[in-house]
>>> print(open('target_20.cif').read())   # mmCIF, C-alpha atoms
data_query
#
loop_
_atom_site.group_PDB
_atom_site.id
_atom_site.type_symbol
_atom_site.label_atom_id
_atom_site.label_comp_id
_atom_site.auth_asym_id
_atom_site.auth_seq_id
_atom_site.Cartn_x
_atom_site.Cartn_y
_atom_site.Cartn_z
ATOM 1 C CA MET J 1 -24.534 34.600 10.805
ATOM 2 C CA SER J 2 -27.116 37.373 10.811
ATOM 3 C CA THR J 3 -29.758 37.125 8.086
ATOM 4 C CA PRO J 4 -31.868 40.284 8.169
ATOM 5 C CA ARG J 5 -34.472 40.799 5.452
ATOM 6 C CA ARG J 6 -34.215 44.328 4.173
ATOM 7 C CA PRO J 7 -36.640 46.120 1.842
ATOM 8 C CA ASP J 8 -35.672 47.180 -1.678
ATOM 9 C CA PRO J 9 -33.772 50.378 -0.916
ATOM 10 C CA VAL J 10 -34.512 52.079 -4.247
ATOM 11 C CA GLN J 11 -36.946 54.959 -3.805
ATOM 12 C CA THR J 12 -38.585 57.386 -6.199
ATOM 13 C CA ALA J 13 -36.571 60.588 -6.534
ATOM 14 C CA ASP J 14 -37.590 63.554 -4.409
ATOM 15 C CA ASP J 15 -36.366 67.150 -4.547
ATOM 16 C CA ALA J 16 -33.328 66.383 -2.388
ATOM 17 C CA ALA J 17 -32.361 63.499 -4.679
ATOM 18 C CA ARG J 18 -32.754 65.677 -7.786
ATOM 19 C CA GLN J 19 -30.634 68.376 -6.193
ATOM 20 C CA LEU J 20 -27.885 65.891 -5.263
ATOM 21 C CA ALA J 21 -27.962 64.463 -8.790
ATOM 22 C CA GLY J 22 -27.526 67.952 -10.194
ATOM 23 C CA GLU J 23 -24.553 68.561 -7.908
ATOM 24 C CA LEU J 24 -22.939 65.283 -8.969
ATOM 25 C CA MET J 25 -23.411 66.237 -12.614
ATOM 26 C CA THR J 26 -21.054 69.183 -12.146
ATOM 27 C CA ALA J 27 -18.212 66.612 -12.245
ATOM 28 C CA ASN J 28 -15.444 67.148 -14.773
ATOM 29 C CA HIS J 29 -14.856 63.433 -15.359
ATOM 30 C CA ALA J 30 -16.855 60.220 -15.333
ATOM 31 C CA ALA J 31 -16.480 56.476 -15.605
ATOM 32 C CA LEU J 32 -17.973 55.229 -18.862
ATOM 33 C CA ALA J 33 -19.242 51.715 -19.566
ATOM 34 C CA THR J 34 -19.486 50.674 -23.206
ATOM 35 C CA LEU J 35 -19.746 47.438 -25.171
ATOM 36 C CA ASP J 36 -16.614 46.084 -26.813
ATOM 37 C CA PRO J 37 -16.851 44.390 -30.241
ATOM 38 C CA SER J 38 -17.577 41.029 -28.568
ATOM 39 C CA GLY J 39 -20.515 42.511 -26.635
ATOM 40 C CA ALA J 40 -18.652 42.407 -23.316
ATOM 41 C CA PRO J 41 -18.708 45.423 -20.994
ATOM 42 C CA ALA J 42 -15.720 47.760 -21.172
ATOM 43 C CA ILE J 43 -14.877 50.645 -18.868
ATOM 44 C CA SER J 44 -12.854 53.817 -19.141
ATOM 45 C CA ARG J 45 -12.475 57.317 -17.746
ATOM 46 C CA VAL J 46 -13.713 60.205 -19.800
ATOM 47 C CA ALA J 47 -13.974 63.943 -19.469
ATOM 48 C CA PHE J 48 -17.476 64.975 -18.439
ATOM 49 C CA GLY J 49 -19.427 68.157 -18.779
ATOM 50 C CA LEU J 50 -22.843 69.467 -19.669
ATOM 51 C CA CYS J 51 -24.281 70.910 -22.844
ATOM 52 C CA PRO J 52 -25.767 74.388 -22.577
ATOM 53 C CA ASN J 53 -29.137 72.541 -22.279
ATOM 54 C CA GLY J 54 -27.913 70.642 -19.213
ATOM 55 C CA LEU J 55 -27.508 67.210 -20.804
ATOM 56 C CA PRO J 56 -24.258 65.247 -20.379
ATOM 57 C CA LEU J 57 -21.429 65.719 -22.858
ATOM 58 C CA THR J 58 -17.947 64.350 -23.334
ATOM 59 C CA LEU J 59 -14.971 64.985 -25.605
ATOM 60 C CA ILE J 60 -13.191 61.793 -26.644
ATOM 61 C CA SER J 61 -10.389 60.685 -28.939
ATOM 62 C CA SER J 62 -10.650 58.052 -31.644
ATOM 63 C CA LEU J 63 -7.411 56.623 -30.205
ATOM 64 C CA ALA J 64 -9.400 55.446 -27.144
ATOM 65 C CA PRO J 65 -11.310 52.153 -27.397
ATOM 66 C CA HIS J 66 -14.588 53.684 -26.184
ATOM 67 C CA PHE J 67 -14.734 55.870 -29.292
ATOM 68 C CA ALA J 68 -15.157 52.856 -31.602
ATOM 69 C CA HIS J 69 -17.401 51.145 -29.051
ATOM 70 C CA LEU J 70 -19.851 54.055 -29.048
ATOM 71 C CA GLN J 71 -19.764 54.344 -32.822
ATOM 72 C CA ALA J 72 -20.721 50.661 -33.103
ATOM 73 C CA ASP J 73 -23.315 50.673 -30.293
ATOM 74 C CA PRO J 74 -24.509 53.912 -28.648
ATOM 75 C CA ARG J 75 -25.722 52.218 -25.469
ATOM 76 C CA CYS J 76 -23.644 53.215 -22.470
ATOM 77 C CA SER J 77 -23.668 54.135 -18.800
ATOM 78 C CA LEU J 78 -21.883 56.946 -16.987
ATOM 79 C CA MET J 79 -20.977 57.233 -13.320
ATOM 80 C CA VAL J 80 -20.132 60.527 -11.630
ATOM 81 C CA GLY J 81 -19.304 61.219 -7.977
ATOM 82 C CA GLU J 82 -15.965 61.157 -6.243
ATOM 83 C CA VAL J 83 -14.907 59.088 -3.280
ATOM 84 C CA GLY J 84 -13.823 61.287 -0.395
ATOM 85 C CA ASP J 85 -10.886 60.707 1.890
ATOM 86 C CA LYS J 86 -12.826 59.338 4.849
ATOM 87 C CA GLY J 87 -15.020 56.397 5.654
ATOM 88 C CA ASP J 88 -16.294 53.538 3.532
ATOM 89 C CA PRO J 89 -16.032 54.449 -0.184
ATOM 90 C CA LEU J 90 -19.524 53.034 -0.713
ATOM 91 C CA THR J 91 -21.078 55.698 1.518
ATOM 92 C CA HIS J 92 -20.063 58.489 -0.889
ATOM 93 C CA PRO J 93 -22.793 59.586 -3.324
ATOM 94 C CA ARG J 94 -22.607 58.627 -6.978
ATOM 95 C CA LEU J 95 -24.963 58.897 -9.904
ATOM 96 C CA MET J 96 -25.196 56.161 -12.532
ATOM 97 C CA ILE J 97 -26.814 57.261 -15.782
ATOM 98 C CA ARG J 98 -28.025 54.918 -18.532
ATOM 99 C CA ALA J 99 -27.735 56.755 -21.821
ATOM 100 C CA HIS J 100 -27.457 56.709 -25.581
ATOM 101 C CA ALA J 101 -24.457 58.407 -27.147
ATOM 102 C CA ALA J 102 -24.594 60.584 -30.251
ATOM 103 C CA PHE J 103 -21.463 61.939 -31.946
ATOM 104 C CA VAL J 104 -21.364 65.630 -32.854
ATOM 105 C CA ALA J 105 -19.973 66.074 -36.366
ATOM 106 C CA ALA J 106 -16.987 68.409 -36.734
ATOM 107 C CA GLU J 107 -19.091 70.556 -39.075
ATOM 108 C CA ALA J 108 -22.246 70.522 -36.924
ATOM 109 C CA PRO J 109 -23.749 74.028 -36.712
ATOM 110 C CA ASP J 110 -23.822 73.972 -32.912
ATOM 111 C CA ARG J 111 -20.281 72.630 -32.429
ATOM 112 C CA PRO J 112 -18.771 76.139 -31.974
ATOM 113 C CA ALA J 113 -21.221 76.798 -29.133
ATOM 114 C CA LEU J 114 -20.467 73.405 -27.530
ATOM 115 C CA ARG J 115 -16.729 74.058 -27.926
ATOM 116 C CA ALA J 116 -16.931 77.461 -26.230
ATOM 117 C CA HIS J 117 -19.117 76.076 -23.429
ATOM 118 C CA TRP J 118 -16.800 73.087 -22.897
ATOM 119 C CA LEU J 119 -13.693 75.251 -22.618
ATOM 120 C CA GLN J 120 -15.287 77.256 -19.804
ATOM 121 C CA GLY J 121 -15.457 74.098 -17.682
ATOM 122 C CA HIS J 122 -12.394 72.339 -19.094
ATOM 123 C CA PRO J 123 -9.817 75.029 -19.893
ATOM 124 C CA LYS J 124 -6.972 72.497 -20.205
ATOM 125 C CA ALA J 125 -8.828 70.845 -23.106
ATOM 126 C CA ALA J 126 -7.675 73.788 -25.242
ATOM 127 C CA LEU J 127 -4.524 71.715 -25.805
ATOM 128 C CA TYR J 128 -6.357 69.077 -27.848
ATOM 129 C CA ILE J 129 -9.955 70.138 -28.449
ATOM 130 C CA ASP J 130 -9.226 70.872 -32.120
ATOM 131 C CA PHE J 131 -7.237 67.720 -32.869
ATOM 132 C CA ALA J 132 -8.881 65.854 -35.739
ATOM 133 C CA ASP J 133 -9.252 62.650 -33.709
ATOM 134 C CA PHE J 134 -11.351 64.331 -30.988
ATOM 135 C CA ALA J 135 -15.119 64.517 -31.116
ATOM 136 C CA PHE J 136 -17.896 65.664 -28.825
ATOM 137 C CA VAL J 137 -20.399 63.029 -27.836
ATOM 138 C CA ARG J 138 -23.775 63.959 -26.345
ATOM 139 C CA PHE J 139 -25.582 61.609 -24.007
ATOM 140 C CA THR J 140 -29.341 61.260 -23.892
ATOM 141 C CA PRO J 141 -30.210 59.819 -20.468
ATOM 142 C CA GLU J 142 -32.775 57.030 -20.286
ATOM 143 C CA GLY J 143 -32.785 56.882 -16.515
ATOM 144 C CA ALA J 144 -30.441 56.957 -13.577
ATOM 145 C CA LEU J 145 -29.777 55.478 -10.186
ATOM 146 C CA LEU J 146 -28.564 57.773 -7.429
ATOM 147 C CA ASN J 147 -26.798 56.070 -4.589
ATOM 148 C CA GLY J 148 -26.315 58.349 -1.624
ATOM 149 C CA GLY J 149 -24.898 55.636 0.629
ATOM 150 C CA PHE J 150 -26.234 52.465 2.169
ATOM 151 C CA GLY J 151 -30.037 52.485 2.134
ATOM 152 C CA ARG J 152 -30.231 55.782 0.245
ATOM 153 C CA ALA J 153 -30.858 54.819 -3.372
ATOM 154 C CA PHE J 154 -33.172 56.662 -5.748
ATOM 155 C CA ARG J 155 -34.415 55.939 -9.242
ATOM 156 C CA LEU J 156 -34.381 59.021 -11.464
ATOM 157 C CA LEU J 157 -36.198 59.702 -14.710
ATOM 158 C CA PRO J 158 -34.614 61.671 -17.550
ATOM 159 C CA GLU J 159 -36.580 64.765 -16.515
ATOM 160 C CA ASP J 160 -35.099 64.506 -13.011
ATOM 161 C CA LEU J 161 -31.652 65.063 -14.559
ATOM 162 C CA ARG J 162 -32.435 68.334 -16.293
ATOM 163 C CA ALA J 163 -30.619 71.242 -14.744
ATOM 164 C CA MET D 1 -7.543 73.352 -37.158
ATOM 165 C CA SER D 2 -4.502 71.206 -36.402
ATOM 166 C CA THR D 3 -4.645 67.616 -37.677
ATOM 167 C CA PRO D 4 -1.582 65.769 -36.388
ATOM 168 C CA ARG D 5 -1.269 62.040 -37.071
ATOM 169 C CA ARG D 6 -0.278 60.291 -33.884
ATOM 170 C CA PRO D 7 0.831 56.678 -33.486
ATOM 171 C CA ASP D 8 -1.190 54.117 -31.534
ATOM 172 C CA PRO D 9 -0.160 55.037 -27.992
ATOM 173 C CA VAL D 10 -0.707 51.557 -26.538
ATOM 174 C CA GLN D 11 2.591 49.904 -25.676
ATOM 175 C CA THR D 12 3.544 46.509 -24.302
ATOM 176 C CA ALA D 13 3.855 46.596 -20.522
ATOM 177 C CA ASP D 14 7.318 47.069 -19.027
ATOM 178 C CA ASP D 15 8.446 46.768 -15.403
ATOM 179 C CA ALA D 16 7.392 50.332 -14.598
ATOM 180 C CA ALA D 17 3.923 49.691 -16.037
ATOM 181 C CA ARG D 18 3.582 46.471 -14.052
ATOM 182 C CA GLN D 19 4.636 48.279 -10.889
ATOM 183 C CA LEU D 20 2.145 51.092 -11.460
ATOM 184 C CA ALA D 21 -0.608 48.551 -12.131
ATOM 185 C CA GLY D 22 0.226 46.841 -8.845
ATOM 186 C CA GLU D 23 0.035 50.155 -7.000
ATOM 187 C CA LEU D 24 -3.359 50.946 -8.561
ATOM 188 C CA MET D 25 -4.623 47.511 -7.514
ATOM 189 C CA THR D 26 -4.199 48.476 -3.851
ATOM 190 C CA ALA D 27 -7.405 50.550 -4.296
ATOM 191 C CA ASN D 28 -10.277 49.890 -1.896
ATOM 192 C CA HIS D 29 -12.991 50.622 -4.461
ATOM 193 C CA ALA D 30 -13.485 50.307 -8.201
ATOM 194 C CA ALA D 31 -15.906 51.172 -10.962
ATOM 195 C CA LEU D 32 -17.519 48.032 -12.333
ATOM 196 C CA ALA D 33 -19.055 47.594 -15.787
ATOM 197 C CA THR D 34 -21.553 44.766 -16.209
ATOM 198 C CA LEU D 35 -24.287 43.809 -18.668
ATOM 199 C CA ASP D 36 -27.882 44.504 -17.726
ATOM 200 C CA PRO D 37 -30.615 42.011 -18.711
ATOM 201 C CA SER D 38 -31.046 43.742 -22.090
ATOM 202 C CA GLY D 39 -27.320 43.361 -22.864
ATOM 203 C CA ALA D 40 -26.640 47.073 -22.385
ATOM 204 C CA PRO D 41 -23.632 48.212 -20.336
ATOM 205 C CA ALA D 42 -24.296 49.146 -16.708
ATOM 206 C CA ILE D 43 -21.917 50.783 -14.259
ATOM 207 C CA SER D 44 -21.607 50.913 -10.497
ATOM 208 C CA ARG D 45 -19.149 51.438 -7.669
ATOM 209 C CA VAL D 46 -17.984 48.404 -5.736
ATOM 210 C CA ALA D 47 -15.598 47.672 -2.929
ATOM 211 C CA PHE D 48 -12.287 46.354 -4.262
ATOM 212 C CA GLY D 49 -9.554 44.258 -2.759
ATOM 213 C CA LEU D 50 -7.247 41.388 -3.541
ATOM 214 C CA CYS D 51 -7.421 37.705 -2.725
ATOM 215 C CA PRO D 52 -4.457 36.300 -0.815
ATOM 216 C CA ASN D 53 -3.224 35.145 -4.257
ATOM 217 C CA GLY D 54 -3.249 38.717 -5.548
ATOM 218 C CA LEU D 55 -6.268 38.464 -7.842
ATOM 219 C CA PRO D 56 -9.097 41.027 -7.628
ATOM 220 C CA LEU D 57 -11.985 40.457 -5.263
ATOM 221 C CA THR D 58 -15.142 42.289 -4.296
ATOM 222 C CA LEU D 59 -17.927 41.927 -1.743
ATOM 223 C CA ILE D 60 -21.354 42.797 -3.128
ATOM 224 C CA SER D 61 -24.988 42.734 -2.065
ATOM 225 C CA SER D 62 -27.804 41.027 -3.920
ATOM 226 C CA LEU D 63 -29.750 44.284 -3.442
ATOM 227 C CA ALA D 64 -27.417 45.940 -5.991
ATOM 228 C CA PRO D 65 -28.175 45.487 -9.701
ATOM 229 C CA HIS D 66 -24.634 44.330 -10.538
ATOM 230 C CA PHE D 67 -25.141 41.224 -8.386
ATOM 231 C CA ALA D 68 -27.841 39.836 -10.709
ATOM 232 C CA HIS D 69 -25.930 41.074 -13.756
ATOM 233 C CA LEU D 70 -22.832 39.072 -12.826
ATOM 234 C CA GLN D 71 -24.885 36.005 -11.976
ATOM 235 C CA ALA D 72 -26.460 36.127 -15.440
ATOM 236 C CA ASP D 73 -23.265 36.984 -17.345
ATOM 237 C CA PRO D 74 -19.835 36.896 -15.664
ATOM 238 C CA ARG D 75 -18.184 39.196 -18.194
ATOM 239 C CA CYS D 76 -17.210 42.525 -16.662
ATOM 240 C CA SER D 77 -14.588 45.240 -16.478
ATOM 241 C CA LEU D 78 -13.125 47.006 -13.464
ATOM 242 C CA MET D 79 -11.427 50.394 -13.269
ATOM 243 C CA VAL D 80 -9.191 51.444 -10.375
ATOM 244 C CA GLY D 81 -7.231 54.664 -9.900
ATOM 245 C CA GLU D 82 -8.339 57.907 -8.295
ATOM 246 C CA VAL D 83 -8.395 61.346 -9.819
ATOM 247 C CA GLY D 84 -6.219 63.752 -7.859
ATOM 248 C CA ASP D 85 -7.035 67.322 -6.987
ATOM 249 C CA LYS D 86 -4.871 68.968 -9.624
ATOM 250 C CA GLY D 87 -4.659 69.136 -13.372
ATOM 251 C CA ASP D 88 -6.647 67.400 -16.099
ATOM 252 C CA PRO D 89 -8.451 64.333 -14.664
ATOM 253 C CA LEU D 90 -7.373 62.339 -17.721
ATOM 254 C CA THR D 91 -3.704 62.655 -16.805
ATOM 255 C CA HIS D 92 -4.185 60.622 -13.593
ATOM 256 C CA PRO D 93 -3.299 56.917 -13.898
ATOM 257 C CA ARG D 94 -6.032 54.294 -14.036
ATOM 258 C CA LEU D 95 -6.121 50.594 -14.729
ATOM 259 C CA MET D 96 -8.963 48.992 -16.667
ATOM 260 C CA ILE D 97 -9.239 45.232 -16.210
ATOM 261 C CA ARG D 98 -11.344 42.920 -18.394
ATOM 262 C CA ALA D 99 -12.390 39.983 -16.251
ATOM 263 C CA HIS D 100 -14.746 37.121 -15.558
ATOM 264 C CA ALA D 101 -16.566 37.081 -12.242
ATOM 265 C CA ALA D 102 -17.076 33.981 -10.089
ATOM 266 C CA PHE D 103 -19.219 34.003 -6.955
ATOM 267 C CA VAL D 104 -17.806 32.445 -3.787
ATOM 268 C CA ALA D 105 -20.432 30.290 -2.101
ATOM 269 C CA ALA D 106 -21.207 31.045 1.541
ATOM 270 C CA GLU D 107 -20.086 27.513 2.424
ATOM 271 C CA ALA D 108 -16.928 27.543 0.262
ATOM 272 C CA PRO D 109 -13.976 26.087 2.203
ATOM 273 C CA ASP D 110 -11.795 29.119 1.546
ATOM 274 C CA ARG D 111 -14.423 31.747 2.426
ATOM 275 C CA PRO D 112 -13.191 32.129 6.030
ATOM 276 C CA ALA D 113 -9.692 32.931 4.731
ATOM 277 C CA LEU D 114 -11.084 35.422 2.200
ATOM 278 C CA ARG D 115 -13.238 36.958 4.930
ATOM 279 C CA ALA D 116 -10.292 37.444 7.290
ATOM 280 C CA HIS D 117 -8.115 38.832 4.503
ATOM 281 C CA TRP D 118 -10.866 41.219 3.338
ATOM 282 C CA LEU D 119 -11.433 42.619 6.827
ATOM 283 C CA GLN D 120 -7.757 43.541 7.098
ATOM 284 C CA GLY D 121 -8.138 45.913 4.145
ATOM 285 C CA HIS D 122 -11.799 46.855 4.690
ATOM 286 C CA PRO D 123 -12.377 46.976 8.455
ATOM 287 C CA LYS D 124 -15.682 48.863 8.085
ATOM 288 C CA ALA D 125 -17.087 45.897 6.129
ATOM 289 C CA ALA D 126 -17.405 44.121 9.485
ATOM 290 C CA LEU D 127 -20.802 45.865 9.713
ATOM 291 C CA TYR D 128 -22.287 43.840 6.831
ATOM 292 C CA ILE D 129 -19.838 41.148 5.722
ATOM 293 C CA ASP D 130 -21.977 38.407 7.295
ATOM 294 C CA PHE D 131 -25.350 39.612 6.005
ATOM 295 C CA ALA D 132 -26.986 36.839 4.001
ATOM 296 C CA ASP D 133 -27.350 39.044 0.893
ATOM 297 C CA PHE D 134 -23.598 39.705 0.630
ATOM 298 C CA ALA D 135 -21.240 37.510 -1.370
ATOM 299 C CA PHE D 136 -17.606 37.587 -2.372
ATOM 300 C CA VAL D 137 -16.925 37.638 -6.082
ATOM 301 C CA ARG D 138 -13.507 36.791 -7.493
ATOM 302 C CA PHE D 139 -12.339 38.245 -10.772
ATOM 303 C CA THR D 140 -10.151 36.382 -13.227
ATOM 304 C CA PRO D 141 -8.456 39.011 -15.398
ATOM 305 C CA GLU D 142 -8.273 38.412 -19.137
ATOM 306 C CA GLY D 143 -6.194 41.481 -19.830
ATOM 307 C CA ALA D 144 -5.905 45.108 -18.880
ATOM 308 C CA LEU D 145 -5.180 48.548 -20.195
ATOM 309 C CA LEU D 146 -3.096 50.896 -18.063
ATOM 310 C CA ASN D 147 -3.490 54.552 -18.863
ATOM 311 C CA GLY D 148 -0.838 56.643 -17.181
ATOM 312 C CA GLY D 149 -1.879 59.857 -18.888
ATOM 313 C CA PHE D 150 -1.882 61.124 -22.453
ATOM 314 C CA GLY D 151 0.444 59.035 -24.617
ATOM 315 C CA ARG D 152 1.249 56.626 -21.779
ATOM 316 C CA ALA D 153 -0.966 53.603 -22.363
ATOM 317 C CA PHE D 154 0.085 50.013 -21.858
ATOM 318 C CA ARG D 155 -1.551 46.688 -22.628
ATOM 319 C CA LEU D 156 -1.162 44.178 -19.793
ATOM 320 C CA LEU D 157 -1.520 40.415 -19.793
ATOM 321 C CA PRO D 158 -3.066 38.539 -16.871
ATOM 322 C CA GLU D 159 0.409 37.570 -15.638
ATOM 323 C CA ASP D 160 1.371 41.256 -15.522
ATOM 324 C CA LEU D 161 -1.329 41.753 -12.870
ATOM 325 C CA ARG D 162 -0.087 39.147 -10.434
ATOM 326 C CA ALA D 163 1.271 40.706 -7.286
#
>>> encode(input="target_20.cif", output="structure tokens")
Amino acid sequence: MSTPRRPDPVQTADDAARQLAGELMTANHAALATLDPSGAPAISRVAFGLCPNGLPLTLISSLAPHFAHLQADPRCSLMVGEVGDKGDPLTHPRLMIRAHAAFVAAEAPDRPALRAHWLQGHPKAALYIDFADFAFVRFTPEGALLNGGFGRAFRLLPEDLRA
Amino acid sequence: MSTPRRPDPVQTADDAARQLAGELMTANHAALATLDPSGAPAISRVAFGLCPNGLPLTLISSLAPHFAHLQADPRCSLMVGEVGDKGDPLTHPRLMIRAHAAFVAAEAPDRPALRAHWLQGHPKAALYIDFADFAFVRFTPEGALLNGGFGRAFRLLPEDLRA
């Protein structure tokens, strides 16, 4: 059995890493990790987009478990980046963002602007965006890990994620 | 603004739900939610497969954060199910499994059988499967949520996930 010693593959972000992160953040969906009421990690798929200021945003329903999870504890992580058709799935780039979630109140002054911006990227959301159980949730990133394939991992700061 | 009241969409699994869950569990990768050392939820992409007994299995490196997370706290959740090219990403089926992780020791008597079985479904893993930092991790499901699109959610018991 081969037992190579390999260095920690996580590097400081450079311009190429920041650019790739920005490309991955154009995703229209993400995987979301939250804490369930017992403190165990839960996972779900959510719609994903960006606020006009470039920070991550989602639109979620109170019928989904993650809604209550985020109301009880705003700590979460998001992953964006699709797996392509070819090769090892782990060689496809993905961005994992640690964040805090903040709900946008239905009567928030900037909700109309968020709503209009969201519909540009998610036109099918027009079907449910105004349902009473749906709410926008903003994410404030605390840091991120970009994995561009084996041996290509980068640690990103919040400022590296700004568009 | 429309304010419809909708019933809890989560139903008890039927044969069709169990069959769809089984199809989703043929995935070769998953999103994994773990707890970081602070107790916050972390997320990552992992290889995914099944043990010969049909239960979920992964092969992970100690260089990845989720390895230490699962060693410190075995509670986790997995999500399988790809987003297709068309339509709203939230209408594509996905299975979210709450589980406990258990590492398979390098000298475990059944590791050779797991190794052979894994390579059938993940031939490219031959490049690293024997690296000393890689370990198999079995998942024991505690329950699952199958989301087959809006209004098509099912709660599954561990026995519903057996192949």
>>> resolve_selection(input="target_20.cif", expression="the PyMOL selection byres ((chain D) within 8 of (chain J))", output="VMD selection string")
chain D and resid 1 to 4 8 to 9 28 to 29 31 to 35 39 to 47 63 75 to 79 87 to 90 96 98 124 130 to 133
>>> resolve_selection(input="target_20.cif", expression="the PyMOL selection byres ((chain D and resi 158) around 9)", output="list in words")
Thr140, Pro141, Glu142, Gly143, Ala144, Leu156, Leu157, Glu159, Asp160, Leu161 and Arg162 of chain D
>>> resolve_selection(input="target_20.cif", expression="the PyMOL selection byres ((chain D and resi 137) around 7)", output="NGL selection string")
:D and (57-59 or 101-104 or 135-136 or 138-139)
>>> closest_residue(input="target_20.cif", among="D:Leu20, D:Cys51, D:Ser38, D:Thr26", to="Ala116 of chain D", atoms="all atoms listed in the file")
D:Cys51
>>> atom_distance(input="target_20.cif", atom1="atom CA of Ala105 of chain J", atom2="atom CA of Pro65 of chain J")
18.7 Å
>>> atom_distance(input="target_20.cif", atom1="atom CA of Arg115 of chain J", atom2="atom CA of Gly49 of chain J")
11.2 Å
>>> atom_distance(input="target_20.cif", atom1="atom CA of Ile60 of chain J", atom2="atom CA of His69 of chain D")
27.5 Å
>>> closest_residue(input="target_20.cif", among="D:Arg155, D:Gln120, D:Ala68, D:Ala21", to="Pro52 of chain D", atoms="only C-alpha atoms")
D:Gln120
>>> axis_aligned_box(input="target_20.cif", around="segment 75-92 of chain D", padding_each_side="6 Å", output="JSON")
{"center_x": -10.9, "center_y": 54.2, "center_z": -12.6, "size_x": 26.5, "size_y": 41.9, "size_z": 23.2}
>>> closest_residue(input="target_20.cif", among="J:Pro109, J:Ala126, J:Thr91, J:Gly22", to="Gly149 of chain J", atoms="all atoms listed in the file")
J:Thr91
>>> decode(input="target_20.cif", residues="segment 44-68 of chain J", atoms="C-alpha atoms", output="short mmCIF file (atom, residue, chain, number, x, y, z; two decimals), in the first residue's frame")
data_model
loop_
_atom_site.label_atom_id
_atom_site.label_comp_id
_atom_site.auth_asym_id
_atom_site.auth_seq_id
_atom_site.Cartn_x
_atom_site.Cartn_y
_atom_site.Cartn_z
CA SER J 44 -31.28 20.54 1.49
CA ARG J 45 -31.36 22.13 -1.95
CA VAL J 46 -32.26 25.76 -2.22
CA ALA J 47 -32.57 28.35 -4.93
CA PHE J 48 -29.48 30.54 -5.08
CA GLY J 49 -28.83 33.99 -6.39
CA LEU J 50 -27.06 37.21 -5.54
CA CYS J 51 -28.24 40.46 -4.04
CA PRO J 52 -27.62 43.58 -6.10
CA ASN J 53 -24.53 44.03 -3.83
CA GLY J 54 -23.17 40.63 -4.88
CA LEU J 55 -23.82 38.75 -1.64
CA PRO J 56 -25.63 35.38 -1.68
CA LEU J 57 -29.41 35.27 -1.43
CA THR J 58 -32.08 32.60 -1.39
CA LEU J 59 -35.87 32.43 -1.44
CA ILE J 60 -37.25 29.70 0.81
CA SER J 61 -40.60 28.42 2.05
CA SER J 62 -41.60 27.97 5.67
CA LEU J 63 -42.86 24.52 4.62
CA ALA J 64 -39.22 23.41 4.20
CA PRO J 65 -37.31 22.30 7.31
CA HIS J 66 -34.36 24.63 6.63
CA PHE J 67 -36.62 27.65 7.12
CA ALA J 68 -37.18 26.84 10.82
#
